[in-house]
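Q: So I've got this file, my_file32.cif, and it contains mmCIF, C-alpha atoms:
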```cif
data_run
loop_
_atom_site.label_atom_id
_atom_site.label_comp_id
_atom_site.auth_asym_id
_atom_site.auth_seq_id
_atom_site.Cartn_x
_atom_site.Cartn_y
_atom_site.Cartn_z
CA MET A 14 48.41 78.35 43.75
CA SER A 15 45.65 76.54 45.69
CA SER A 16 43.23 78.55 47.82
CA LEU A 17 44.69 76.92 50.96
CA ALA A 18 48.24 77.87 50.01
CA SER A 19 47.08 81.38 49.12
CA ALA A 20 45.39 81.74 52.52
CA ASP A 21 48.57 80.56 54.25
CA VAL A 22 50.66 83.13 52.36
CA ARG A 23 48.17 85.87 53.22
CA ARG A 24 48.18 84.89 56.91
CA HIS A 25 51.99 84.83 56.91
CA ASN A 26 52.20 88.26 55.31
CA LEU A 27 49.64 89.74 57.69
CA ALA A 28 51.66 88.37 60.61
CA LEU A 29 54.86 89.74 59.08
CA VAL A 30 53.42 93.25 58.76
CA ALA A 31 51.84 93.25 62.24
CA THR A 32 54.99 91.88 63.89
CA LYS A 33 57.25 94.37 62.13
CA LEU A 34 54.96 97.23 63.15
CA ALA A 35 55.12 96.01 66.76
CA GLU A 36 58.93 96.09 66.55
CA LEU A 37 59.06 99.56 65.00
CA GLY A 38 56.38 101.17 67.17
CA GLU A 39 55.29 103.53 64.41
CA ALA A 40 56.01 103.33 60.68
CA SER A 41 54.70 104.55 57.36
CA ARG A 42 53.45 102.20 54.66
CA SER A 43 56.64 102.77 52.69
CA ASP A 44 58.75 102.03 55.80
CA LEU A 45 56.86 98.76 56.29
CA ALA A 46 57.27 97.81 52.65
CA ASP A 47 61.02 98.33 52.94
CA ALA A 48 61.24 96.46 56.26
CA THR A 49 59.20 93.45 55.11
CA GLY A 50 60.32 93.22 51.48
CA LEU A 51 56.70 93.26 50.30
CA THR A 52 55.61 95.28 47.29
CA ARG A 53 53.88 98.60 47.97
CA GLY A 54 50.64 97.31 46.48
CA SER A 55 50.63 94.16 48.61
CA LEU A 56 51.56 96.13 51.71
CA THR A 57 48.73 98.62 51.19
CA ALA A 58 46.18 95.80 50.85
CA LEU A 59 47.48 94.04 53.96
CA VAL A 60 47.41 97.23 56.04
CA ARG A 61 43.84 97.86 54.91
CA GLU A 62 42.84 94.39 56.13
CA LEU A 63 44.57 94.93 59.49
CA GLU A 64 42.79 98.28 59.82
CA ARG A 65 39.42 96.64 59.17
CA GLY A 66 40.22 94.08 61.86
CA GLY A 67 40.93 96.85 64.37
CA LEU A 68 44.58 95.89 64.76
CA VAL A 69 46.23 98.89 63.09
CA HIS A 70 45.37 102.59 62.98
CA GLU A 71 46.82 105.77 61.53
CA THR A 72 48.47 108.07 64.07
CA GLU A 73 49.81 111.24 62.44
CA SER A 74 51.20 112.72 59.26
CA VAL A 75 54.89 113.59 59.12
CA ALA A 76 56.18 116.25 56.74
CA PRO A 77 58.86 115.03 54.32
CA GLU A 78 62.44 116.21 54.76
CA GLY A 79 62.50 117.52 51.21
CA ARG A 80 59.88 117.55 48.51
CA GLY A 81 57.05 115.08 48.41
CA ARG A 82 53.85 114.25 50.18
CA PRO A 83 53.57 113.86 53.96
CA ARG A 84 53.95 110.33 55.31
CA THR A 85 51.12 108.87 57.36
CA LEU A 86 52.35 106.82 60.30
CA LEU A 87 50.73 103.59 61.43
CA ALA A 88 50.71 101.90 64.84
CA LEU A 89 49.24 98.81 66.42
CA SER A 90 45.78 99.42 67.75
CA ALA A 91 43.66 96.68 69.31
CA ASP A 92 42.78 98.90 72.27
CA HIS A 93 39.73 96.66 72.74
CA LEU A 94 42.03 93.79 73.75
CA ALA A 95 44.12 93.33 76.87
CA LEU A 96 47.08 91.19 77.84
CA VAL A 97 47.23 90.14 81.48
CA THR A 98 50.43 88.97 83.16
CA VAL A 99 50.75 87.58 86.69
CA LEU A 100 54.22 87.40 88.23
CA ILE A 101 54.82 85.30 91.34
CA ASP A 102 58.15 86.01 93.03
CA ALA A 103 59.60 85.21 96.43
CA ASP A 104 57.91 88.18 98.13
CA HIS A 105 55.01 89.34 95.99
CA ALA A 106 52.32 88.45 93.51
CA SER A 107 51.88 91.12 90.84
CA ALA A 108 49.26 91.40 88.12
CA VAL A 109 49.59 93.74 85.15
CA ALA A 110 47.28 94.51 82.22
CA SER A 111 48.34 96.19 78.98
CA THR A 112 46.90 96.75 75.54
CA LEU A 113 48.32 94.93 72.56
CA GLY A 114 50.04 98.17 71.59
CA GLY A 115 51.84 98.35 74.93
CA THR A 116 49.74 100.87 76.88
CA ARG A 117 49.72 99.97 80.58
CA LEU A 118 46.15 99.70 81.89
CA ALA A 119 46.52 98.54 85.50
CA ARG A 120 48.97 97.08 87.97
CA VAL A 121 48.41 95.54 91.40
CA GLU A 122 51.21 94.19 93.59
CA LEU A 123 50.53 92.35 96.86
CA ARG A 124 52.96 90.79 99.32
CA HIS A 125 52.30 87.12 100.07
CA GLY A 126 54.85 86.85 102.89
CA ARG A 127 56.78 83.87 101.45
CA PRO A 128 54.92 81.00 103.19
CA MET A 129 57.38 78.20 102.48
CA GLY A 130 55.88 74.98 101.16
CA ASP A 131 52.36 76.43 100.88
CA PRO A 132 51.50 77.20 97.24
CA GLY A 133 47.83 77.66 98.12
CA ARG A 134 48.50 80.75 100.22
CA VAL A 135 50.75 82.25 97.55
CA LEU A 136 48.12 81.63 94.87
CA ASP A 137 45.41 83.14 97.09
CA THR A 138 47.38 86.39 96.90
CA ALA A 139 48.00 85.98 93.16
CA ALA A 140 44.28 85.49 92.51
CA GLU A 141 43.46 88.59 94.56
CA ALA A 142 45.89 90.69 92.51
CA LEU A 143 44.65 89.18 89.24
CA ASP A 144 40.98 89.78 89.95
CA ALA A 145 41.71 93.36 91.01
CA VAL A 146 43.36 93.99 87.63
CA LEU A 147 40.58 92.24 85.69
CA ASP A 148 38.13 94.61 87.39
CA ARG A 149 39.92 97.57 85.77
CA LEU A 150 39.79 96.55 82.10
CA ASP A 151 36.73 98.68 81.23
CA GLY A 152 35.11 95.95 79.17
CA ARG A 153 38.20 94.91 77.21
CA ALA A 154 38.48 91.26 76.29
CA VAL A 155 41.56 89.41 77.54
CA ALA A 156 43.46 88.03 74.55
CA GLU A 157 45.96 86.10 76.67
CA ALA A 158 46.92 85.64 80.32
CA SER A 159 50.47 84.64 81.27
CA VAL A 160 51.49 83.42 84.72
CA VAL A 161 55.21 83.91 85.30
CA VAL A 162 56.92 81.85 88.00
CA TRP A 163 60.46 81.89 89.38
CA ALA A 164 60.87 78.17 88.78
CA PRO A 165 61.50 75.60 86.05
CA ILE A 166 58.37 74.34 84.31
CA GLY A 167 57.62 71.30 82.20
CA GLY A 168 54.96 68.91 81.00
CA GLU A 169 51.76 69.38 79.03
CA PRO A 170 49.83 71.08 80.49
CA ALA A 171 52.75 72.94 82.03
CA LEU A 172 53.49 72.49 85.72
CA VAL A 173 56.02 73.99 88.11
CA LEU A 174 58.56 71.19 88.47
CA ALA A 175 60.08 72.48 91.72
CA ASP A 176 60.58 75.85 93.37
CA THR A 177 63.29 75.88 96.01
CA ASP A 178 62.71 79.62 96.59
CA LEU A 179 59.21 78.92 97.93
CA GLY A 180 59.67 75.30 98.99
CA TRP A 181 57.34 73.91 96.33
CA GLY A 182 57.44 70.51 94.71
CA THR A 183 55.44 69.84 91.55
CA VAL A 184 52.55 72.33 91.44
CA ASP A 185 49.75 72.74 88.88
CA VAL A 186 49.66 76.53 89.11
CA LEU A 187 47.11 77.08 86.33
CA THR A 188 44.59 74.71 87.91
CA LEU A 189 45.07 76.07 91.44
CA LEU A 190 44.81 79.67 90.25
CA GLY A 191 41.65 78.79 88.32
CA GLU A 192 40.13 77.39 91.51
CA ARG A 193 40.62 80.82 93.08
CA SER A 194 39.55 82.99 90.13
CA ALA A 195 36.60 81.97 87.97
CA ARG A 196 37.57 84.47 85.29
CA PHE A 197 41.06 83.00 85.06
CA ALA A 198 39.56 79.49 84.88
CA ALA A 199 37.50 80.60 81.87
CA LEU A 200 40.63 81.93 80.15
CA ARG A 201 42.52 78.72 80.92
CA ASP A 202 39.69 76.55 79.60
CA ALA A 203 39.59 78.65 76.41
CA GLY A 204 43.30 78.02 75.83
CA ALA A 205 44.21 81.64 76.56
CA ALA A 206 46.37 81.06 79.66
CA ARG A 207 50.04 80.07 79.79
CA LEU A 208 52.57 79.19 82.49
CA VAL A 209 55.93 80.82 81.84
CA ALA A 210 59.36 80.48 83.49
CA ASP A 211 60.71 83.92 84.36
CA THR A 212 64.35 83.58 83.35
CA ALA A 213 63.72 82.67 79.70
CA VAL A 214 61.35 85.58 79.02
CA ALA A 215 63.49 88.01 81.04
CA ALA A 216 66.55 86.94 79.06
CA LEU A 217 64.72 87.43 75.76
CA ALA A 218 63.63 90.92 76.81
CA GLU A 219 67.18 91.81 77.87
CA HIS A 220 68.47 90.31 74.61
CA ALA A 221 66.19 92.61 72.61
CA ALA A 222 67.11 95.61 74.76
CA ALA A 223 70.81 94.88 74.15
CA GLY A 224 70.38 94.94 70.39
CA GLY A 225 70.10 91.21 69.80
CA PRO A 226 73.62 89.75 70.22
CA ALA A 227 73.90 86.20 68.86
CA GLU A 228 74.77 84.71 72.26
CA LEU A 229 73.91 86.13 75.66
CA VAL A 230 74.07 84.79 79.22
CA TYR A 231 71.53 86.09 81.73
CA LEU A 232 72.13 85.56 85.45
CA LYS A 233 69.78 86.98 88.04
CA SER A 234 69.35 86.80 91.78
CA ASP A 235 66.47 87.97 93.94
CA SER A 236 65.57 84.95 96.02
CA GLY A 237 67.64 82.10 94.64
CA ILE A 238 69.85 82.32 91.57
CA GLY A 239 68.47 81.74 88.10
CA GLY A 240 69.70 82.09 84.58
CA ALA A 241 69.16 81.61 80.89
CA VAL A 242 71.34 81.29 77.82
CA ILE A 243 70.31 82.84 74.51
CA THR A 244 71.99 81.26 71.50
CA GLY A 245 71.11 82.20 67.95
CA GLY A 246 68.44 84.49 69.39
CA THR A 247 66.62 81.60 71.09
CA PRO A 248 66.63 80.42 74.74
CA LEU A 249 68.50 77.17 75.28
CA ASP A 250 65.95 74.83 76.90
CA GLY A 251 67.67 71.46 77.05
CA THR A 252 66.10 68.01 76.94
CA HIS A 253 64.24 68.45 80.24
CA ARG A 254 63.92 72.27 80.06
CA LEU A 255 66.53 72.57 82.79
CA ALA A 256 69.33 74.16 80.75
CA ALA A 257 71.05 77.18 82.30
CA ALA A 258 69.89 76.41 85.85
CA LEU A 259 72.93 78.42 86.85
CA GLY A 260 72.08 78.57 90.54
CA HIS A 261 72.59 74.82 90.71
CA LEU A 262 75.99 74.61 89.09
CA PRO A 263 78.02 72.49 91.58
CA ILE A 264 80.71 75.04 92.37
CA VAL A 265 82.07 73.60 95.65
CA PRO A 266 83.09 69.90 95.55
CA GLY A 267 81.63 68.12 98.57
CA GLY A 268 79.94 71.32 99.68
CA VAL A 269 76.72 71.94 101.56
CA ARG A 270 73.76 69.83 100.45
CA CYS A 271 71.38 71.94 98.40
CA GLU A 272 67.59 71.63 98.54
CA CYS A 273 67.79 70.30 94.97
CA GLY A 274 69.73 67.26 96.25
CA GLN A 275 73.17 68.14 94.91
CA HIS A 276 76.11 69.32 96.99
CA GLY A 277 77.93 72.64 96.64
CA CYS A 278 75.49 74.41 94.31
CA LEU A 279 76.19 78.06 93.55
CA VAL A 280 73.07 79.08 95.45
CA THR A 281 74.44 77.48 98.65
CA VAL A 282 77.43 79.84 98.68
CA ALA A 283 76.17 82.91 96.79
CA GLY A 284 72.40 82.84 97.14
CA PRO A 285 70.70 85.88 98.69
CA ASP A 286 69.62 84.06 101.85
CA VAL A 287 73.20 82.94 102.49
CA LEU A 288 74.72 86.37 101.87
CA LEU A 289 72.07 88.21 103.88
CA GLU A 290 72.68 85.96 106.90
CA ALA A 291 76.44 86.53 106.60
CA ALA A 292 75.85 90.28 106.43
CA GLY A 293 73.63 90.26 109.52
CA LEU A 294 70.45 91.00 107.55
CA GLY A 295 68.61 87.71 107.96
CA ASP A 296 66.09 89.13 110.44
CA LEU A 297 65.33 92.06 108.13
CA ALA A 298 64.61 89.62 105.30
CA ARG A 299 62.23 87.61 107.48
CA ASP A 300 60.47 90.68 108.88
CA GLU A 301 60.26 92.96 105.84
CA GLY A 302 60.93 90.66 102.89
CA LEU A 303 63.83 89.90 100.59
CA GLU A 304 63.44 93.03 98.48
CA ALA A 305 63.88 95.35 101.47
CA ALA A 306 66.78 93.30 102.82
CA LEU A 307 68.59 93.22 99.47
CA ASP A 308 68.16 96.97 99.06
CA GLU A 309 69.83 97.41 102.45
CA PHE A 310 72.52 94.88 101.54
CA VAL A 311 73.44 96.82 98.40
CA ARG A 312 73.43 100.09 100.35
CA ARG A 313 75.82 98.64 102.93
CA ILE A 314 78.13 97.23 100.26
CA HIS A 315 78.39 100.63 98.62
CA ALA A 316 78.99 102.16 102.06
CA GLU A 317 81.76 99.57 102.64
CA GLU A 318 80.14 98.27 105.83
CA PRO A 319 82.51 95.44 106.90
CA ALA A 320 80.10 92.52 107.32
CA ALA A 321 78.21 93.24 104.11
CA ALA A 322 81.40 93.90 102.15
CA ALA A 323 82.97 90.64 103.34
CA ALA A 324 79.85 88.63 102.53
CA TRP A 325 79.63 90.20 99.09
CA ARG A 326 83.31 89.70 98.35
CA ALA A 327 83.01 85.97 99.02
CA GLY A 328 79.75 85.68 97.11
CA SER A 329 80.93 87.68 94.11
CA ILE A 330 83.97 85.42 93.70
CA GLU A 331 81.69 82.37 93.49
CA LEU A 332 79.40 84.16 91.04
CA ALA A 333 82.40 85.02 88.87
CA ARG A 334 83.54 81.38 88.92
CA ALA A 335 80.12 80.26 87.72
CA ILE A 336 80.12 82.86 84.95
CA GLN A 337 83.63 81.76 84.01
CA ILE A 338 82.39 78.20 83.46
CA VAL A 339 79.41 79.31 81.39
CA VAL A 340 81.49 81.75 79.33
CA LEU A 341 83.85 78.95 78.28
CA THR A 342 80.87 76.75 77.44
CA VAL A 343 78.78 79.23 75.47
CA ASP A 344 81.24 81.97 74.41
CA PRO A 345 78.65 84.76 74.74
CA ALA A 346 78.99 88.28 73.45
CA LEU A 347 77.43 89.67 76.63
CA VAL A 348 76.61 88.69 80.21
CA VAL A 349 73.61 90.47 81.74
CA LEU A 350 73.02 90.48 85.50
CA GLY A 351 69.48 90.87 86.79
CA GLY A 352 67.80 91.28 90.15
CA TYR A 353 69.86 92.96 92.84
CA LEU A 354 73.02 91.88 90.99
CA ALA A 355 72.32 94.54 88.35
CA ARG A 356 73.42 97.18 90.86
CA LEU A 357 76.67 95.31 91.53
CA ALA A 358 77.59 94.35 87.97
CA ASP A 359 80.87 96.28 88.04
CA ASP A 360 82.05 94.25 91.04
CA VAL A 361 81.22 90.95 89.33
CA ALA A 362 82.94 92.10 86.13
CA GLU A 363 86.03 92.95 88.19
CA ARG A 364 86.04 89.52 89.88
CA LEU A 365 85.66 87.83 86.49
CA ALA A 366 88.52 89.84 85.00
CA GLU A 367 90.71 88.76 87.93
CA ILE A 368 90.20 85.05 87.31
CA GLN A 369 89.42 84.69 83.62
CA PRO A 370 92.93 85.20 82.14
CA GLY A 371 94.35 82.40 84.29
CA ILE A 372 92.55 79.59 82.45
CA ALA A 373 95.21 77.18 81.17
CA GLY A 374 97.51 80.13 80.60
CA ILE A 375 95.32 81.44 77.79
CA ALA A 376 94.80 85.19 77.91
CA VAL A 377 91.08 85.29 77.18
CA LEU A 378 89.34 88.57 77.71
CA PRO A 379 85.96 87.95 79.37
CA PRO A 380 82.86 89.34 77.67
CA PRO A 381 81.29 92.54 78.99
CA VAL A 382 79.27 92.05 82.18
CA VAL A 383 76.48 94.60 82.51
CA GLY A 384 73.49 95.25 84.72
CA SER A 385 69.96 94.69 83.51
CA ARG A 386 68.54 97.44 81.31
CA LEU A 387 64.96 96.55 82.26
CA GLY A 388 65.27 96.15 86.03
CA ARG A 389 62.83 94.18 88.13
CA ASP A 390 60.22 94.20 85.35
CA ALA A 391 62.36 92.26 82.86
CA ALA A 392 60.26 89.09 83.19
CA LEU A 393 56.98 91.00 82.96
CA ILE A 394 58.17 92.83 79.86
CA GLY A 395 59.46 89.62 78.33
CA ALA A 396 56.20 87.76 79.00
CA GLU A 397 54.21 90.59 77.42
CA GLN A 398 56.50 90.65 74.38
CA ALA A 399 56.17 86.88 73.98
CA ALA A 400 52.38 87.10 74.23
CA VAL A 401 52.24 89.84 71.59
CA ALA A 402 54.44 87.76 69.28
CA ARG A 403 52.19 84.71 69.67
CA LEU A 404 49.03 86.71 69.03
CA LEU A 405 50.41 88.59 66.04
CA ALA A 406 51.51 85.30 64.48
CA ASP A 407 47.83 84.88 63.53
CA PRO A 408 46.30 88.35 63.24
CA VAL A 409 43.28 86.96 61.36
CA ALA A 410 42.26 84.91 64.39
CA LEU A 411 43.06 87.83 66.69
CA ALA A 412 40.82 90.20 64.72
CA ARG A 413 38.09 87.57 64.62
CA GLY A 414 38.30 87.15 68.40
#
```
Would it be possible to restate this file's structure as structure tokens?
A:
Amino acid sequence: MSSLASADVRRHNLALVATKLAELGEASRSDLADATGLTRGSLTALVRELERGGLVHETESVAPEGRGRPRTLLALSADHLALVTVLIDADHASAVASTLGGTRLARVELRHGRPMGDPGRVLDTAAEALDAVLDRLDGRAVAEASVVVWAPIGGEPALVLADTDLGWGTVDVLTLLGERSARFAALRDAGAARLVADTAVAALAEHAAAGGPAELVYLKSDSGIGGAVITGGTPLDGTHRLAAALGHLPIVPGGVRCECGQHGCLVTVAGPDVLLEAAGLGDLARDEGLEAALDEFVRRIHAEEPAAAAAWRAGSIELARAIQIVVLTVDPALVVLGGYLARLADDVAERLAEIQPGIAGIAVLPPPVVGSRLGRDAALIGAEQAAVARLLADPVALARG
């Protein structure tokens, strides 16, 4: 075997061990050997190299169940490195820092007030939150910074293609954020910053939390309506990275013109702004933000307040119709609802059960419809998990950095 091929195998095996340890949380050397299929001798040598690089450490010894020597558990280390994630949603800009092993270091969340059509003001707030978190890293180096947006992205370098929730057109978020934070600009210029669409990473995190079903549909609503489809364990992107833009399924023929240019999109009849106005909560959304208004909307639905209940009944029927279409297209094992819909998943499941068996007379049981297991942090968690996976794919470079 050539030295180059040998180095590639070694790098692959180091990544395999580090990634498996990240999945398991803690594991003994024998556990890792079993999980990776590597020989005990090879595994021991690889762990030793990861320990020297500061990426793995021993945690504790566990007594055996029967006879034998105690097992020493291993865990990811790299406490000297930090991952930073910025999330820009319709109300807030949040910045979070964590270690590679998953320990939360800092979190700052600031409200930007949803200035429609003004990305500069939103990114001013994002930069303020980001710099506040960077100030709290106690000398740790940032291994990667992810900026998560509630919008489709595309191009190289990646740009926001359009954001109807905030009234944006094409926006170079990484450049504009770098103009507001010199430390972020340095990370971007070093190739350590990424722009990420929220629904794909949130769906991947929910997919992992659900045990990894082969196919999963993720539908969430907080400002507009977004979604993602996981097939074969991978997000379905599509040719233009617009696959699973579920909020823009044309549900109503000849319906209201959507900001995207189509008519009758799902978001025009079941989007939060539409339902909040119908429930008499539009002023609350404008004064206190969407999150506060949606919390009140859910409370009123559960209290069977007439206006909220009627608005939700109409909206939930349209949501169920959209899910019905996607279910027949993808045939998922599970549908996960995120955002405020997570608290109303039973209602949506009931609407879907009412309409699903009527398709062409075929009695098809719809898949389970469940609320998010990860809540409002699904995209943050997913972005962190994706960053860890990218970094651990080359632990040699990570240790060197």
Q: Do you know which residues are at most 10 Å from His105 (chain A) counting only C-alpha atoms, after dropping those on the same chain fewer than 3 positions away, and could you put them as a list in words?
A: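 So the residues in contact are Leu100, Ile101, Asp102, Ala108, Glu122, Leu123, Arg124, His125, Gly126, Arg127, Val135, Thr138, Ala139, Ala142, Gly302, Leu303 and Glu304 of chain A.
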Q: For the structure provided, state which residues fall under the PyMOL selection byres ((chain A and resi 180) around 9), and present them as a list in words.
A: Pro128, Met129, Gly130, Asp131, Pro132, Ala175, Asp176, Thr177, Asp178, Leu179, Trp181, Gly182 and Glu272 of chain A
Q: If the PyMOL selection byres ((chain A and resi 390-407) around 7) were run on this exact file, what residues would it hold? Put them as a list in words.
A: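 On this input, the PyMOL selection byres ((chain A and resi 390-407) around 7) captures Arg24, Ala28, Ala31, Thr32, Thr98, Leu100, Leu113, Glu157, Ser159, Asp211, Thr212, Val214, Ala215, Leu217, Ala218, Glu219, Leu387, Gly388, Arg389, Pro408, Val409, Ala410 and Leu411 of chain A.
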Q: Would you save the residues from that selection as a PDB file, keeping the file's coordinate frame, using C-alpha atoms?
A:
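Contents of out-v3.pdb, freshly written:
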```pdb
ATOM      1  CA  ARG A  24      48.180  84.890  56.910  1.00  0.00           C
ATOM      2  CA  ALA A  28      51.660  88.370  60.610  1.00  0.00           C
ATOM      3  CA  ALA A  31      51.840  93.250  62.240  1.00  0.00           C
ATOM      4  CA  THR A  32      54.990  91.880  63.890  1.00  0.00           C
ATOM      5  CA  THR A  98      50.430  88.970  83.160  1.00  0.00           C
ATOM      6  CA  LEU A 100      54.220  87.400  88.230  1.00  0.00           C
ATOM      7  CA  LEU A 113      48.320  94.930  72.560  1.00  0.00           C
ATOM      8  CA  GLU A 157      45.960  86.100  76.670  1.00  0.00           C
ATOM      9  CA  SER A 159      50.470  84.640  81.270  1.00  0.00           C
ATOM     10  CA  ASP A 211      60.710  83.920  84.360  1.00  0.00           C
ATOM     11  CA  THR A 212      64.350  83.580  83.350  1.00  0.00           C
ATOM     12  CA  VAL A 214      61.350  85.580  79.020  1.00  0.00           C
ATOM     13  CA  ALA A 215      63.490  88.010  81.040  1.00  0.00           C
ATOM     14  CA  LEU A 217      64.720  87.430  75.760  1.00  0.00           C
ATOM     15  CA  ALA A 218      63.630  90.920  76.810  1.00  0.00           C
ATOM     16  CA  GLU A 219      67.180  91.810  77.870  1.00  0.00           C
ATOM     17  CA  LEU A 387      64.960  96.550  82.260  1.00  0.00           C
ATOM     18  CA  GLY A 388      65.270  96.150  86.030  1.00  0.00           C
ATOM     19  CA  ARG A 389      62.830  94.180  88.130  1.00  0.00           C
ATOM     20  CA  PRO A 408      46.300  88.350  63.240  1.00  0.00           C
ATOM     21  CA  VAL A 409      43.280  86.960  61.360  1.00  0.00           C
ATOM     22  CA  ALA A 410      42.260  84.910  64.390  1.00  0.00           C
ATOM     23  CA  LEU A 411      43.060  87.830  66.690  1.00  0.00           C
TER      24      LEU A 411
END
```
Q: Select, counting all atoms listed in the file, all protein, DNA and RNA residues no farther than 12 Å from (71.0, 88.4, 109.6) in file coordinates, and express the selection as a tab-separated table (two decimals) with C-alpha atoms, in the frame of the given file.
A:
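The resulting file, out.tsv, is reproduced below:
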```tsv
chain	number	residue	atom	x	y	z
A	285	PRO	CA	70.70	85.88	98.69
A	286	ASP	CA	69.62	84.06	101.85
A	287	VAL	CA	73.20	82.94	102.49
A	288	LEU	CA	74.72	86.37	101.87
A	289	LEU	CA	72.07	88.21	103.88
A	290	GLU	CA	72.68	85.96	106.90
A	291	ALA	CA	76.44	86.53	106.60
A	292	ALA	CA	75.85	90.28	106.43
A	293	GLY	CA	73.63	90.26	109.52
A	294	LEU	CA	70.45	91.00	107.55
A	295	GLY	CA	68.61	87.71	107.96
A	296	ASP	CA	66.09	89.13	110.44
A	297	LEU	CA	65.33	92.06	108.13
A	298	ALA	CA	64.61	89.62	105.30
A	299	ARG	CA	62.23	87.61	107.48
A	300	ASP	CA	60.47	90.68	108.88
A	303	LEU	CA	63.83	89.90	100.59
A	306	ALA	CA	66.78	93.30	102.82
A	307	LEU	CA	68.59	93.22	99.47
A	309	GLU	CA	69.83	97.41	102.45
A	310	PHE	CA	72.52	94.88	101.54
A	320	ALA	CA	80.10	92.52	107.32
A	321	ALA	CA	78.21	93.24	104.11
A	324	ALA	CA	79.85	88.63	102.53
```
Q: List as a list in words the protein and nucleic acid residues near Ala257 (chain A), meaning an atom at most 7 Å away when all atoms listed in the file are counted, but skip any in the same chain fewer than 3 places from it.
A: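 In the requested form, the answer reads Gly240, Ala241 and Val242 of chain A.
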Q: Using CA of Trp325 (chain A) and CA of Glu301 (chain A) as the two end points, give the distance in Å to one decimal.
A: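 It comes out at 20.7 Å.
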Q: When the PyMOL selection byres ((chain A and resi 59-70) around 6) is applied to the file above, which residues end up in the set, as a list of chain:residue names?
A: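 Applied to this file, the PyMOL selection byres ((chain A and resi 59-70) around 6) returns A:Leu56, A:Thr57, A:Ala58, A:Glu71, A:Leu87, A:Ala88, A:Leu89, A:Ser90, A:Ala91, A:Ala412.
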Q: Could the residues in this selection be saved with C-alpha atoms as a CSV table (one decimal), in the frame of the given file?
A:
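What ended up in out-v4.csv:
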```csv
chain,number,residue,atom,x,y,z
A,56,LEU,CA,51.6,96.1,51.7
A,57,THR,CA,48.7,98.6,51.2
A,58,ALA,CA,46.2,95.8,50.8
A,71,GLU,CA,46.8,105.8,61.5
A,87,LEU,CA,50.7,103.6,61.4
A,88,ALA,CA,50.7,101.9,64.8
A,89,LEU,CA,49.2,98.8,66.4
A,90,SER,CA,45.8,99.4,67.8
A,91,ALA,CA,43.7,96.7,69.3
A,412,ALA,CA,40.8,90.2,64.7
```
Q: From the options A:Ala140, A:Leu232, A:Leu29, A:Val383, which residue's atoms come nearest to Ala195 (chain A), counting only C-alpha atoms?
A: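 Using only C-alpha atoms, the shortest distance to Ala195 (chain A) belongs to A:Ala140.
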Q: Give as a list in words each residue that has an atom at most 10 Å from (54.9, 66.3, 87.5) in the file, counting all atoms listed in the file.
A: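 Output: Ile166, Gly167, Gly168, Glu169, Pro170, Ala171, Leu172, Val173, Leu174, Ala175, Gly182, Thr183, Val184 and Asp185 of chain A.
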Q: Selecting N, CA and C atoms, how would region 188-199 of chain A from this structure be written as a PDB file, in the first residue's frame?
A:
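Output below, filename part_14.pdb:
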```pdb
ATOM      1  N   THR A 188     -21.115  38.120   4.012  1.00  0.00           N
ATOM      2  CA  THR A 188     -20.370  39.360   3.797  1.00  0.00           C
ATOM      3  C   THR A 188     -20.896  40.479   4.684  1.00  0.00           C
ATOM      4  N   LEU A 189     -22.215  40.642   4.730  1.00  0.00           N
ATOM      5  CA  LEU A 189     -22.792  41.721   5.536  1.00  0.00           C
ATOM      6  C   LEU A 189     -22.518  41.526   7.020  1.00  0.00           C
ATOM      7  N   LEU A 190     -22.555  40.280   7.496  1.00  0.00           N
ATOM      8  CA  LEU A 190     -22.254  40.032   8.904  1.00  0.00           C
ATOM      9  C   LEU A 190     -20.779  40.304   9.181  1.00  0.00           C
ATOM     10  N   GLY A 191     -19.909  39.969   8.226  1.00  0.00           N
ATOM     11  CA  GLY A 191     -18.488  40.254   8.388  1.00  0.00           C
ATOM     12  C   GLY A 191     -18.190  41.742   8.435  1.00  0.00           C
ATOM     13  N   GLU A 192     -18.997  42.548   7.751  1.00  0.00           N
ATOM     14  CA  GLU A 192     -18.819  44.002   7.810  1.00  0.00           C
ATOM     15  C   GLU A 192     -19.166  44.557   9.184  1.00  0.00           C
ATOM     16  N   ARG A 193     -19.928  43.799   9.953  1.00  0.00           N
ATOM     17  CA  ARG A 193     -20.378  44.249  11.270  1.00  0.00           C
ATOM     18  C   ARG A 193     -19.608  43.597  12.417  1.00  0.00           C
ATOM     19  N   SER A 194     -18.868  42.547  12.117  1.00  0.00           N
ATOM     20  CA  SER A 194     -18.083  41.852  13.141  1.00  0.00           C
ATOM     21  C   SER A 194     -16.748  41.458  12.531  1.00  0.00           C
ATOM     22  N   ALA A 195     -15.682  42.111  12.967  1.00  0.00           N
ATOM     23  CA  ALA A 195     -14.354  41.814  12.419  1.00  0.00           C
ATOM     24  C   ALA A 195     -13.934  40.386  12.729  1.00  0.00           C
ATOM     25  N   ARG A 196     -14.319  39.884  13.899  1.00  0.00           N
ATOM     26  CA  ARG A 196     -13.942  38.513  14.252  1.00  0.00           C
ATOM     27  C   ARG A 196     -14.662  37.503  13.371  1.00  0.00           C
ATOM     28  N   PHE A 197     -15.913  37.784  13.026  1.00  0.00           N
ATOM     29  CA  PHE A 197     -16.602  36.885  12.104  1.00  0.00           C
ATOM     30  C   PHE A 197     -15.971  36.970  10.721  1.00  0.00           C
ATOM     31  N   ALA A 198     -15.585  38.164  10.285  1.00  0.00           N
ATOM     32  CA  ALA A 198     -14.945  38.312   8.975  1.00  0.00           C
ATOM     33  C   ALA A 198     -13.678  37.470   8.896  1.00  0.00           C
ATOM     34  N   ALA A 199     -12.915  37.423   9.996  1.00  0.00           N
ATOM     35  CA  ALA A 199     -11.693  36.615  10.010  1.00  0.00           C
ATOM     36  C   ALA A 199     -12.022  35.132   9.870  1.00  0.00           C
TER      37      ALA A 199
END
```
